[in-house]
file final26.txt (compact mmCIF, C-alpha atoms and all ligand atoms)
# COMPACT_ATOMS: atom_id res chain seq x y z
CA MET A 1 25.16 39.64 6.28
CA PHE A 2 21.61 40.87 6.21
CA SER A 3 20.49 38.12 3.83
CA LEU A 4 22.17 35.46 5.99
CA ILE A 5 20.10 36.57 8.99
CA LEU A 6 16.96 36.32 6.88
CA VAL A 7 17.79 32.76 5.83
CA VAL A 8 18.51 31.68 9.41
CA SER A 9 15.30 33.17 10.75
CA ALA A 10 13.24 31.66 7.92
CA ALA A 11 14.68 28.22 8.67
CA SER A 12 13.98 28.38 12.38
CA SER A 13 10.43 29.65 11.89
CA CYS A 14 9.87 26.74 9.50
CA ALA A 15 10.99 24.28 12.20
CA ALA A 16 8.71 25.97 14.70
CA GLN A 17 5.80 25.61 12.28
CA LYS A 18 6.53 21.90 11.94
CA ASN A 19 6.27 21.38 15.69
CA MET A 20 3.21 23.56 15.88
CA ALA A 21 1.56 21.47 13.18
CA LEU A 22 1.75 18.28 15.24
CA SER A 23 0.90 20.07 18.47
CA ALA A 24 -2.60 20.43 17.06
CA LEU A 25 -3.00 16.67 17.58
CA PRO A 26 -4.66 15.37 20.74
CA SER A 27 -1.99 14.70 23.37
CA ASP A 28 -2.81 10.98 23.65
CA ILE A 29 -1.59 10.30 20.11
CA ARG A 30 0.86 13.16 19.44
CA THR A 31 3.94 11.50 20.92
CA GLN A 32 3.50 8.21 19.05
CA VAL A 33 2.74 9.98 15.76
CA GLU A 34 5.88 12.12 16.13
CA ALA A 35 8.05 9.12 17.00
CA ALA A 36 6.72 6.95 14.16
CA LEU A 37 7.12 9.76 11.62
CA SER A 38 10.78 10.23 12.58
CA ALA A 39 11.50 6.48 12.56
CA ALA A 40 9.94 5.78 9.13
CA HIS A 41 12.22 6.16 6.09
CA ILE A 42 10.69 9.32 4.68
CA GLY A 43 12.81 12.10 3.15
CA ASP A 44 12.76 15.51 4.86
CA THR A 45 10.72 17.23 2.16
CA ASP A 46 8.02 14.58 2.09
CA ARG A 47 7.99 14.33 5.89
CA SER A 48 7.38 18.09 6.10
CA ARG A 49 4.51 17.78 3.63
CA ILE A 50 2.99 14.94 5.69
CA VAL A 51 3.34 16.93 8.93
CA GLU A 52 1.73 19.93 7.24
CA ALA A 53 -1.18 17.83 5.96
CA ILE A 54 -1.74 16.43 9.46
CA GLY A 55 -1.50 19.88 11.03
CA ASN A 56 -4.00 21.33 8.55
CA ASP A 57 -6.65 18.82 9.57
CA ALA A 58 -5.57 17.45 12.93
CA SER A 59 -9.02 16.40 14.12
CA ALA A 60 -9.77 14.44 10.92
CA PHE A 61 -6.36 12.78 11.20
CA ALA A 62 -7.00 11.83 14.83
CA LEU A 63 -10.34 10.23 13.94
CA LEU A 64 -8.82 8.24 11.08
CA PHE A 65 -5.84 7.30 13.23
CA HIS A 66 -8.12 5.63 15.77
CA GLU A 67 -10.03 3.87 13.00
CA VAL A 68 -6.84 2.51 11.46
CA ARG A 69 -5.50 1.45 14.88
CA ASP A 70 -8.74 -0.43 15.36
CA VAL A 71 -8.27 -2.23 12.04
CA MET A 72 -4.72 -3.17 13.11
CA LYS A 73 -5.92 -4.48 16.45
CA LYS A 74 -8.62 -6.66 14.90
CA ASP A 75 -6.50 -7.81 11.96
CA PRO A 76 -2.76 -7.47 12.65
CA GLU A 77 -1.75 -8.93 9.24
CA LEU A 78 -3.78 -6.50 7.12
CA LEU A 79 -1.38 -3.59 7.42
CA ARG A 80 1.73 -5.65 8.04
CA ARG A 81 4.92 -4.30 6.53
CA VAL A 82 6.38 -6.43 3.73
CA ASP A 83 8.93 -4.97 1.34
CA LYS A 84 12.57 -5.20 0.31
CA SER A 85 13.72 -4.55 3.88
CA VAL A 86 11.15 -6.58 5.81
CA ALA A 87 10.38 -10.17 4.80
CA LEU A 88 7.71 -12.64 5.82
CA PRO A 89 8.80 -16.02 7.15
CA ALA A 90 8.78 -18.85 4.61
CA ASN A 91 6.06 -20.63 6.56
CA PHE A 92 3.73 -17.59 6.65
CA VAL A 93 0.37 -18.60 5.18
CA PRO A 94 -2.75 -16.46 5.84
CA SER A 95 -5.31 -18.35 7.91
CA ASP A 96 -8.44 -17.17 6.07
CA LEU A 97 -7.67 -17.78 2.39
CA VAL A 98 -10.76 -18.33 0.22
CA LYS A 99 -11.03 -19.44 -3.39
CA LEU A 100 -12.24 -17.00 -6.05
CA ASP A 101 -13.78 -19.75 -8.20
CA GLY A 102 -17.56 -19.62 -8.51
CA VAL A 103 -20.13 -17.04 -9.38
CA PHE A 104 -18.67 -13.63 -8.75
CA PRO A 105 -19.02 -10.38 -10.64
CA TYR A 106 -15.32 -10.31 -11.44
CA VAL A 107 -13.64 -12.43 -14.05
CA VAL A 108 -10.73 -14.64 -13.07
CA SER A 109 -8.10 -15.45 -15.66
CA LYS A 110 -7.41 -18.92 -14.21
CA LYS A 111 -8.84 -21.35 -11.68
CA GLY A 112 -7.78 -21.90 -8.09
CA MET A 113 -6.83 -18.32 -7.20
CA GLN A 114 -7.15 -17.38 -3.53
CA LEU A 115 -7.35 -14.23 -1.42
CA ARG A 116 -7.82 -13.48 2.25
CA ALA A 117 -11.54 -13.22 3.05
CA PRO A 118 -11.59 -9.44 3.74
CA ALA A 119 -9.80 -8.74 0.44
CA ARG A 120 -12.16 -11.06 -1.46
CA ASP A 121 -15.22 -9.37 0.09
CA ALA A 122 -13.91 -5.92 -0.80
CA LEU A 123 -13.13 -7.16 -4.32
CA VAL A 124 -16.73 -8.32 -4.73
CA ARG A 125 -18.04 -4.90 -3.61
CA MET A 126 -15.63 -3.10 -5.91
CA THR A 127 -16.32 -5.18 -8.99
CA GLU A 128 -20.08 -4.86 -8.48
CA ALA A 129 -19.68 -1.08 -8.42
CA ALA A 130 -17.47 -1.22 -11.51
CA ARG A 131 -19.98 -3.39 -13.34
CA LYS A 132 -22.76 -0.88 -12.65
CA GLU A 133 -20.59 1.63 -14.48
CA GLY A 134 -19.99 -0.79 -17.35
CA GLU A 135 -16.47 -1.90 -16.39
CA THR A 136 -15.30 -5.48 -16.01
CA LEU A 137 -12.34 -6.09 -13.72
CA VAL A 138 -10.24 -9.12 -14.61
CA VAL A 139 -8.25 -10.68 -11.78
CA SER A 140 -4.98 -12.16 -13.03
CA SER A 141 -2.93 -13.00 -9.94
CA THR A 142 -3.66 -13.11 -6.21
CA TYR A 143 -2.18 -15.08 -3.29
CA ARG A 144 1.24 -16.61 -3.89
CA SER A 145 2.95 -18.93 -1.46
CA TYR A 146 6.60 -18.44 -0.51
CA ASP A 147 7.58 -21.38 -2.71
CA TYR A 148 5.62 -20.16 -5.71
CA GLN A 149 7.19 -16.70 -5.38
CA LYS A 150 10.59 -18.40 -5.23
CA THR A 151 9.88 -20.10 -8.56
CA VAL A 152 8.69 -16.82 -10.17
CA PHE A 153 11.69 -14.86 -8.90
CA GLU A 154 14.26 -17.48 -9.88
CA ARG A 155 12.76 -17.71 -13.37
CA ASN A 156 13.02 -13.92 -13.73
CA VAL A 157 16.64 -13.93 -12.55
CA LYS A 158 17.46 -16.56 -15.14
CA GLU A 159 15.67 -14.65 -17.92
CA MET A 160 16.70 -11.06 -17.15
CA GLY A 161 19.48 -11.08 -14.57
CA LYS A 162 19.26 -10.28 -10.86
CA THR A 163 19.14 -6.47 -11.06
CA GLU A 164 16.21 -6.36 -13.47
CA ALA A 165 14.46 -9.28 -11.76
CA GLU A 166 14.51 -7.32 -8.49
CA ARG A 167 12.91 -4.28 -10.14
CA VAL A 168 9.97 -6.26 -11.47
CA SER A 169 9.47 -9.04 -8.94
CA ALA A 170 9.94 -9.68 -5.26
CA PRO A 171 12.38 -12.18 -3.81
CA PRO A 172 10.57 -14.91 -1.85
CA GLY A 173 9.24 -13.63 1.50
CA MET A 174 9.17 -10.04 0.25
CA SER A 175 6.07 -10.17 -1.92
CA GLN A 176 2.77 -8.56 -0.90
CA HIS A 177 1.15 -11.47 -2.72
CA GLN A 178 2.18 -13.77 0.15
CA LEU A 179 -0.07 -11.69 2.44
CA GLY A 180 -3.11 -12.82 0.43
CA THR A 181 -4.33 -9.24 0.00
CA ALA A 182 -2.60 -8.18 -3.23
CA ILE A 183 -4.23 -8.45 -6.64
CA ASP A 184 -2.80 -8.05 -10.14
CA PHE A 185 -5.47 -6.94 -12.58
CA GLY A 186 -5.79 -7.29 -16.34
CA SER A 187 -2.84 -7.71 -18.65
CA ILE A 188 -0.07 -7.12 -16.04
CA THR A 189 1.62 -4.80 -18.55
CA ASP A 190 2.07 -1.02 -18.70
CA GLU A 191 -0.76 -0.84 -21.25
CA PHE A 192 -3.20 -1.71 -18.46
CA ALA A 193 -2.97 1.88 -17.14
CA ASP A 194 -4.68 3.19 -20.28
CA THR A 195 -7.47 0.63 -20.42
CA ALA A 196 -10.95 1.54 -19.15
CA ALA A 197 -10.52 -0.90 -16.24
CA GLY A 198 -7.12 0.56 -15.37
CA ARG A 199 -8.50 4.10 -15.33
CA TRP A 200 -11.56 3.03 -13.33
CA LEU A 201 -9.37 1.37 -10.68
CA SER A 202 -7.04 4.34 -10.48
CA ALA A 203 -10.01 6.62 -9.76
CA ASN A 204 -12.08 4.34 -7.53
CA ALA A 205 -10.06 1.57 -5.85
CA GLY A 206 -9.30 3.67 -2.75
CA LYS A 207 -12.99 3.94 -1.83
CA PHE A 208 -13.07 0.15 -1.51
CA GLY A 209 -9.87 0.00 0.52
CA PHE A 210 -7.44 -0.89 -2.29
CA SER A 211 -4.19 0.98 -2.82
CA LEU A 212 -1.77 1.05 -5.76
CA SER A 213 1.44 -0.28 -4.21
CA PHE A 214 4.05 0.82 -6.74
CA PRO A 215 3.09 4.13 -8.35
CA LYS A 216 4.87 5.77 -11.26
CA GLY A 217 8.13 7.56 -10.45
CA MET A 218 8.38 6.06 -6.96
CA GLU A 219 10.92 3.32 -7.56
CA ALA A 220 13.44 4.91 -5.17
CA ILE A 221 10.82 4.78 -2.41
CA THR A 222 9.01 1.49 -3.10
CA GLY A 223 11.89 -0.51 -4.59
CA TYR A 224 9.81 -1.49 -7.62
CA ARG A 225 9.17 -0.04 -11.01
CA TRP A 226 5.66 1.28 -11.71
CA GLU A 227 2.99 -1.44 -11.64
CA SER A 228 -0.34 0.04 -12.73
CA TRP A 229 -2.02 -3.34 -12.16
CA HIS A 230 -0.92 -4.23 -8.62
CA TYR A 231 -3.27 -3.24 -5.80
CA ARG A 232 -3.13 -4.18 -2.11
CA TYR A 233 -6.21 -4.24 0.10
CA ILE A 234 -5.48 -2.12 3.19
CA SER A 235 -9.07 -1.18 4.33
CA PRO A 236 -11.03 1.96 3.43
CA ALA A 237 -9.82 3.84 6.54
CA ALA A 238 -6.15 3.18 5.75
CA ALA A 239 -6.67 4.03 2.07
CA GLU A 240 -8.21 7.35 3.10
CA MET A 241 -5.34 8.04 5.51
CA GLN A 242 -2.86 7.30 2.72
CA GLU A 243 -4.57 9.70 0.31
CA ARG A 244 -5.22 12.57 2.70
CA PHE A 245 -2.13 12.53 4.89
CA PHE A 246 0.60 10.36 3.34
CA LEU A 247 0.84 11.95 -0.11
CA GLY A 248 -0.93 8.94 -1.63
CA VAL A 249 2.15 6.78 -0.98
CA GLN A 250 1.34 3.37 0.52
CA GLN A 251 4.99 2.74 1.45
CA TYR A 252 5.02 5.82 3.70
CA LEU A 253 1.78 4.84 5.40
CA ILE A 254 2.81 1.23 6.01
CA GLU A 255 6.25 2.21 7.34
CA PHE A 256 4.65 4.80 9.64
CA LEU A 257 2.13 2.26 10.98
CA ALA A 258 4.87 -0.35 11.48
CA GLU A 259 6.73 2.08 13.75
CA LEU A 260 3.77 2.62 16.11
CA PRO A 261 3.86 0.80 19.44
CA HIS A 262 2.18 -2.60 19.24
ZN ZN B 301 1.53 -8.04 -8.15
call {"tool": "encode", "arguments": {"input": "final26.txt", "output": "structure tokens", "more": "lines below"}}
Ligand SMILES: [Zn+2]
result
Amino acid sequence: MFSLILVVSAASSCAAQKNMALSALPSDIRTQVEAALSAAHIGDTDRSRIVEAIGNDASAFALLFHEVRDVMKKDPELLRRVDKSVALPANFVPSDLVKLDGVFPYVVSKKGMQLRAPARDALVRMTEAARKEGETLVVSSTYRSYDYQKTVFERNVKEMGKTEAERVSAPPGMSQHQLGTAIDFGSITDEFADTAAGRWLSANAGKFGFSLSFPKGMEAITGYRWESWHYRYISPAAAEMQERFFLGVQQYLIEFLAELPH
């Protein structure tokens, strides 16, 4: 009996702590943060960790929150949710695609690749920084149209069956590559993680606003097996928010942002 009382009181004090953690947020954002965190598909344990991280540094979170909201206001597509539950329309084509051909510090593996301008600019900054440290980043795949993604996915289904094809590639409309802000680097194989470029990106990409979309061991959350080579440009402020408050998980951050009032 005594131990039961202990358990009950520990549980309720834990719930009280959770609420207290978010009550440290300024009142103008607290309600929307609470609502978005409950609406996003985040398991209880991870949600508690996120709430705790926010509560531990509420003023830093509030500052970043306003920065990220600003990014979303200026560029509504940059942090748009695209995954296995939310698809882009077939006719979605980013309006500011630019070619990567020409004299840039990065190496492209083929001609005619395109990215959205903000992602290309960030890529130039990142590869210049990498080059100063002796690393060359090779860009292997960038923007893909709905139709091109359809071809890739259908080829994979034919070669490996639907279940496996869905682990390693997105059905048309569900690929981050259609946003024009995702980049596949290097060999596009697991070995990339252990190359110098792969290690450099893992340590530094966030500073330039890039985020690893499908980390190791997160298939249940992201819907995709680990892709050490696939980065999405989300802006430096959003990348910092992801690292400091969303357990480093892009899927959590994007789902949370998608639930905020527009
Ligand atoms: Zn990719």
call {"tool": "closest_residue", "arguments": {"input": "final26.txt", "among": "A:Ile254, A:Ala182, A:Leu97, A:Ala238", "to": "Val68 in chain A", "atoms": "only C-alpha atoms"}}
result
A:Ala238
call {"tool": "residues_around", "arguments": {"input": "final26.txt", "residues": "Glu227 in chain A", "least_positions_apart": "6", "cutoff": "8 Å", "atoms": "only C-alpha atoms", "output": "list in words"}}
result
Ile188, Thr189, Asp190, Leu212, Ser213, Phe214, Pro215 and Lys216 of chain A
call {"tool": "residues_near_ligand", "arguments": {"input": "final26.txt", "ligand": "ligand ZN 301 (chain B)", "cutoff": "9 Å", "atoms": "all atoms listed in the file", "output": "list in words"}}
result
Ser141, Thr142, Ser169, Ser175, Gln176, His177, Ala182, Ile183, Asp184, Phe185, Ile188, Ser213, Glu227, Trp229, His230, Tyr231 and Arg232 of chain A
call {"tool": "residues_near_point", "arguments": {"input": "final26.txt", "point": "(-6.9, -13.5, -2.8)", "cutoff": "6 Å", "atoms": "all atoms listed in the file", "output": "list in words"}}
result
Gln114, Leu115, Arg116, Arg120, Thr142, Tyr143, Gly180 and Thr181 of chain A
call {"tool": "residues_around", "arguments": {"input": "final26.txt", "residues": "Gln32 in chain A", "least_positions_apart": "4", "cutoff": "9 Å", "atoms": "all atoms listed in the file", "output": "compact mmCIF listing (two decimals) with C-alpha atoms, keeping the file's coordinate frame"}}
result
# COMPACT_ATOMS: atom_id res chain seq x y z
CA ASP A 28 -2.81 10.98 23.65
CA ALA A 36 6.72 6.95 14.16
CA LEU A 37 7.12 9.76 11.62
CA GLU A 259 6.73 2.08 13.75
CA LEU A 260 3.77 2.62 16.11
CA PRO A 261 3.86 0.80 19.44
call {"tool": "closest_residue", "arguments": {"input": "final26.txt", "among": "A:Ala196, A:Met241, A:Met72, A:Val93", "to": "Leu253 in chain A", "atoms": "all atoms listed in the file"}}
result
A:Met241
call {"tool": "closest_residue", "arguments": {"input": "final26.txt", "among": "A:Phe192, A:Tyr224, A:Phe104, A:Tyr233", "to": "Phe210 in chain A", "atoms": "only C-alpha atoms"}}
result
A:Tyr233
call {"tool": "closest_residue", "arguments": {"input": "final26.txt", "among": "A:Ser109, A:Val157, A:Val71, A:Ser140", "to": "Ala239 in chain A", "atoms": "all atoms listed in the file"}}
result
A:Val71
call {"tool": "closest_residue", "arguments": {"input": "final26.txt", "among": "A:Met174, A:Val138, A:Leu22, A:Leu179", "to": "Lys150 in chain A", "atoms": "only C-alpha atoms"}}
result
A:Met174
call {"tool": "atom_distance", "arguments": {"input": "final26.txt", "atom1": "CA of Leu88 in chain A", "atom2": "CA of Gly173 in chain A"}}
result
4.7 Å
call {"tool": "atom_distance", "arguments": {"input": "final26.txt", "atom1": "CA of His262 in chain A", "atom2": "CA of Leu123 in chain A"}}
result
28.5 Å
call {"tool": "atom_distance", "arguments": {"input": "final26.txt", "atom1": "CA of Leu25 in chain A", "atom2": "CA of Ala58 in chain A"}}
result
5.4 Å
call {"tool": "closest_residue", "arguments": {"input": "final26.txt", "among": "A:Gln178, A:Val51, A:Leu63, A:Asp57", "to": "Asn91 in chain A", "atoms": "only C-alpha atoms"}}
result
A:Gln178
call {"tool": "residues_around", "arguments": {"input": "final26.txt", "residues": "Lys132 in chain A", "least_positions_apart": "6", "cutoff": "12 Å", "atoms": "all atoms listed in the file", "output": "list in words"}}
result
Pro105, Arg125, Met126 and Trp200 of chain A
call {"tool": "residues_around", "arguments": {"input": "final26.txt", "residues": "Thr136 in chain A", "least_positions_apart": "6", "cutoff": "10 Å", "atoms": "only C-alpha atoms", "output": "PyMOL selection string"}}
result
chain A and resi 105-107+127-130+186+196-197+200
call {"tool": "decode", "arguments": {"input": "final26.txt", "residues": "range 27-114 of chain A", "atoms": "C-alpha atoms", "output": "PDB file, in the first residue's frame"}}
result
ATOM      1  CA  SER A  27       2.582  33.845 -22.335  1.00  0.00           C
ATOM      2  CA  ASP A  28       2.292  35.016 -25.959  1.00  0.00           C
ATOM      3  CA  ILE A  29       3.777  31.768 -27.276  1.00  0.00           C
ATOM      4  CA  ARG A  30       3.045  29.256 -24.489  1.00  0.00           C
ATOM      5  CA  THR A  31      -0.433  28.247 -25.652  1.00  0.00           C
ATOM      6  CA  GLN A  32       0.583  27.620 -29.270  1.00  0.00           C
ATOM      7  CA  VAL A  33       3.716  25.697 -28.239  1.00  0.00           C
ATOM      8  CA  GLU A  34       1.652  23.488 -25.911  1.00  0.00           C
ATOM      9  CA  ALA A  35      -1.004  22.852 -28.559  1.00  0.00           C
ATOM     10  CA  ALA A  36       1.506  22.075 -31.326  1.00  0.00           C
ATOM     11  CA  LEU A  37       3.495  19.725 -29.075  1.00  0.00           C
ATOM     12  CA  SER A  38       0.360  17.732 -28.228  1.00  0.00           C
ATOM     13  CA  ALA A  39      -0.797  17.590 -31.861  1.00  0.00           C
ATOM     14  CA  ALA A  40       2.542  16.411 -33.324  1.00  0.00           C
ATOM     15  CA  HIS A  41       3.129  12.644 -33.449  1.00  0.00           C
ATOM     16  CA  ILE A  42       5.742  12.433 -30.724  1.00  0.00           C
ATOM     17  CA  GLY A  43       5.827   9.569 -28.204  1.00  0.00           C
ATOM     18  CA  ASP A  44       5.290  10.418 -24.526  1.00  0.00           C
ATOM     19  CA  THR A  45       8.897   9.829 -23.496  1.00  0.00           C
ATOM     20  CA  ASP A  46      10.350  11.992 -26.236  1.00  0.00           C
ATOM     21  CA  ARG A  47       7.687  14.666 -25.719  1.00  0.00           C
ATOM     22  CA  SER A  48       8.640  14.857 -22.028  1.00  0.00           C
ATOM     23  CA  ARG A  49      12.299  15.232 -22.976  1.00  0.00           C
ATOM     24  CA  ILE A  50      11.422  18.036 -25.411  1.00  0.00           C
ATOM     25  CA  VAL A  51       9.290  19.822 -22.799  1.00  0.00           C
ATOM     26  CA  GLU A  52      12.121  19.483 -20.291  1.00  0.00           C
ATOM     27  CA  ALA A  53      14.663  20.905 -22.746  1.00  0.00           C
ATOM     28  CA  ILE A  54      12.372  23.870 -23.441  1.00  0.00           C
ATOM     29  CA  GLY A  55      11.738  24.425 -19.735  1.00  0.00           C
ATOM     30  CA  ASN A  56      15.457  24.343 -18.950  1.00  0.00           C
ATOM     31  CA  ASP A  57      16.147  27.206 -21.329  1.00  0.00           C
ATOM     32  CA  ALA A  58      12.818  28.907 -21.935  1.00  0.00           C
ATOM     33  CA  SER A  59      14.205  32.302 -22.903  1.00  0.00           C
ATOM     34  CA  ALA A  60      16.601  30.836 -25.496  1.00  0.00           C
ATOM     35  CA  PHE A  61      13.727  28.766 -26.890  1.00  0.00           C
ATOM     36  CA  ALA A  62      11.480  31.833 -27.125  1.00  0.00           C
ATOM     37  CA  LEU A  63      14.141  33.772 -29.040  1.00  0.00           C
ATOM     38  CA  LEU A  64      14.707  30.912 -31.487  1.00  0.00           C
ATOM     39  CA  PHE A  65      10.970  30.371 -31.818  1.00  0.00           C
ATOM     40  CA  HIS A  66      10.493  33.930 -33.048  1.00  0.00           C
ATOM     41  CA  GLU A  67      13.438  33.568 -35.432  1.00  0.00           C
ATOM     42  CA  VAL A  68      12.031  30.371 -36.910  1.00  0.00           C
ATOM     43  CA  ARG A  69       8.535  31.880 -37.188  1.00  0.00           C
ATOM     44  CA  ASP A  70      10.122  34.725 -39.090  1.00  0.00           C
ATOM     45  CA  VAL A  71      11.775  32.289 -41.503  1.00  0.00           C
ATOM     46  CA  MET A  72       8.394  30.588 -42.024  1.00  0.00           C
ATOM     47  CA  LYS A  73       6.673  33.889 -42.689  1.00  0.00           C
ATOM     48  CA  LYS A  74       9.240  34.984 -45.274  1.00  0.00           C
ATOM     49  CA  ASP A  75       9.590  31.552 -46.888  1.00  0.00           C
ATOM     50  CA  PRO A  76       6.571  29.321 -46.224  1.00  0.00           C
ATOM     51  CA  GLU A  77       7.971  26.400 -48.284  1.00  0.00           C
ATOM     52  CA  LEU A  78      11.290  26.134 -46.444  1.00  0.00           C
ATOM     53  CA  LEU A  79       9.931  24.315 -43.411  1.00  0.00           C
ATOM     54  CA  ARG A  80       6.960  22.736 -45.143  1.00  0.00           C
ATOM     55  CA  ARG A  81       6.035  19.268 -43.967  1.00  0.00           C
ATOM     56  CA  VAL A  82       6.573  16.509 -46.541  1.00  0.00           C
ATOM     57  CA  ASP A  83       6.720  12.889 -45.457  1.00  0.00           C
ATOM     58  CA  LYS A  84       4.858   9.594 -45.707  1.00  0.00           C
ATOM     59  CA  SER A  85       1.691  11.166 -44.290  1.00  0.00           C
ATOM     60  CA  VAL A  86       1.773  14.555 -46.015  1.00  0.00           C
ATOM     61  CA  ALA A  87       2.369  14.787 -49.776  1.00  0.00           C
ATOM     62  CA  LEU A  88       3.080  17.664 -52.117  1.00  0.00           C
ATOM     63  CA  PRO A  89       0.787  18.158 -55.100  1.00  0.00           C
ATOM     64  CA  ALA A  90       2.059  16.710 -58.382  1.00  0.00           C
ATOM     65  CA  ASN A  91       2.280  20.195 -59.867  1.00  0.00           C
ATOM     66  CA  PHE A  92       4.382  21.598 -57.001  1.00  0.00           C
ATOM     67  CA  VAL A  93       7.570  23.092 -58.452  1.00  0.00           C
ATOM     68  CA  PRO A  94       9.668  25.551 -56.384  1.00  0.00           C
ATOM     69  CA  SER A  95       9.676  29.018 -57.949  1.00  0.00           C
ATOM     70  CA  ASP A  96      13.348  29.853 -57.327  1.00  0.00           C
ATOM     71  CA  LEU A  97      15.257  26.829 -58.627  1.00  0.00           C
ATOM     72  CA  VAL A  98      18.816  27.600 -59.760  1.00  0.00           C
ATOM     73  CA  LYS A  99      21.312  25.416 -61.593  1.00  0.00           C
ATOM     74  CA  LEU A 100      24.434  24.182 -59.805  1.00  0.00           C
ATOM     75  CA  ASP A 101      26.510  24.089 -63.009  1.00  0.00           C
ATOM     76  CA  GLY A 102      29.390  26.564 -63.137  1.00  0.00           C
ATOM     77  CA  VAL A 103      32.244  27.530 -60.918  1.00  0.00           C
ATOM     78  CA  PHE A 104      31.400  26.561 -57.384  1.00  0.00           C
ATOM     79  CA  PRO A 105      33.540  25.163 -54.603  1.00  0.00           C
ATOM     80  CA  TYR A 106      31.529  21.960 -54.513  1.00  0.00           C
ATOM     81  CA  VAL A 107      31.786  19.174 -57.023  1.00  0.00           C
ATOM     82  CA  VAL A 108      28.685  18.005 -58.836  1.00  0.00           C
ATOM     83  CA  SER A 109      28.501  14.422 -60.023  1.00  0.00           C
ATOM     84  CA  LYS A 110      26.390  15.290 -63.082  1.00  0.00           C
ATOM     85  CA  LYS A 111      25.196  18.321 -65.023  1.00  0.00           C
ATOM     86  CA  GLY A 112      21.868  20.096 -64.780  1.00  0.00           C
ATOM     87  CA  MET A 113      21.227  19.662 -61.055  1.00  0.00           C
ATOM     88  CA  GLN A 114      19.072  22.325 -59.407  1.00  0.00           C
TER      89      GLN A 114
END
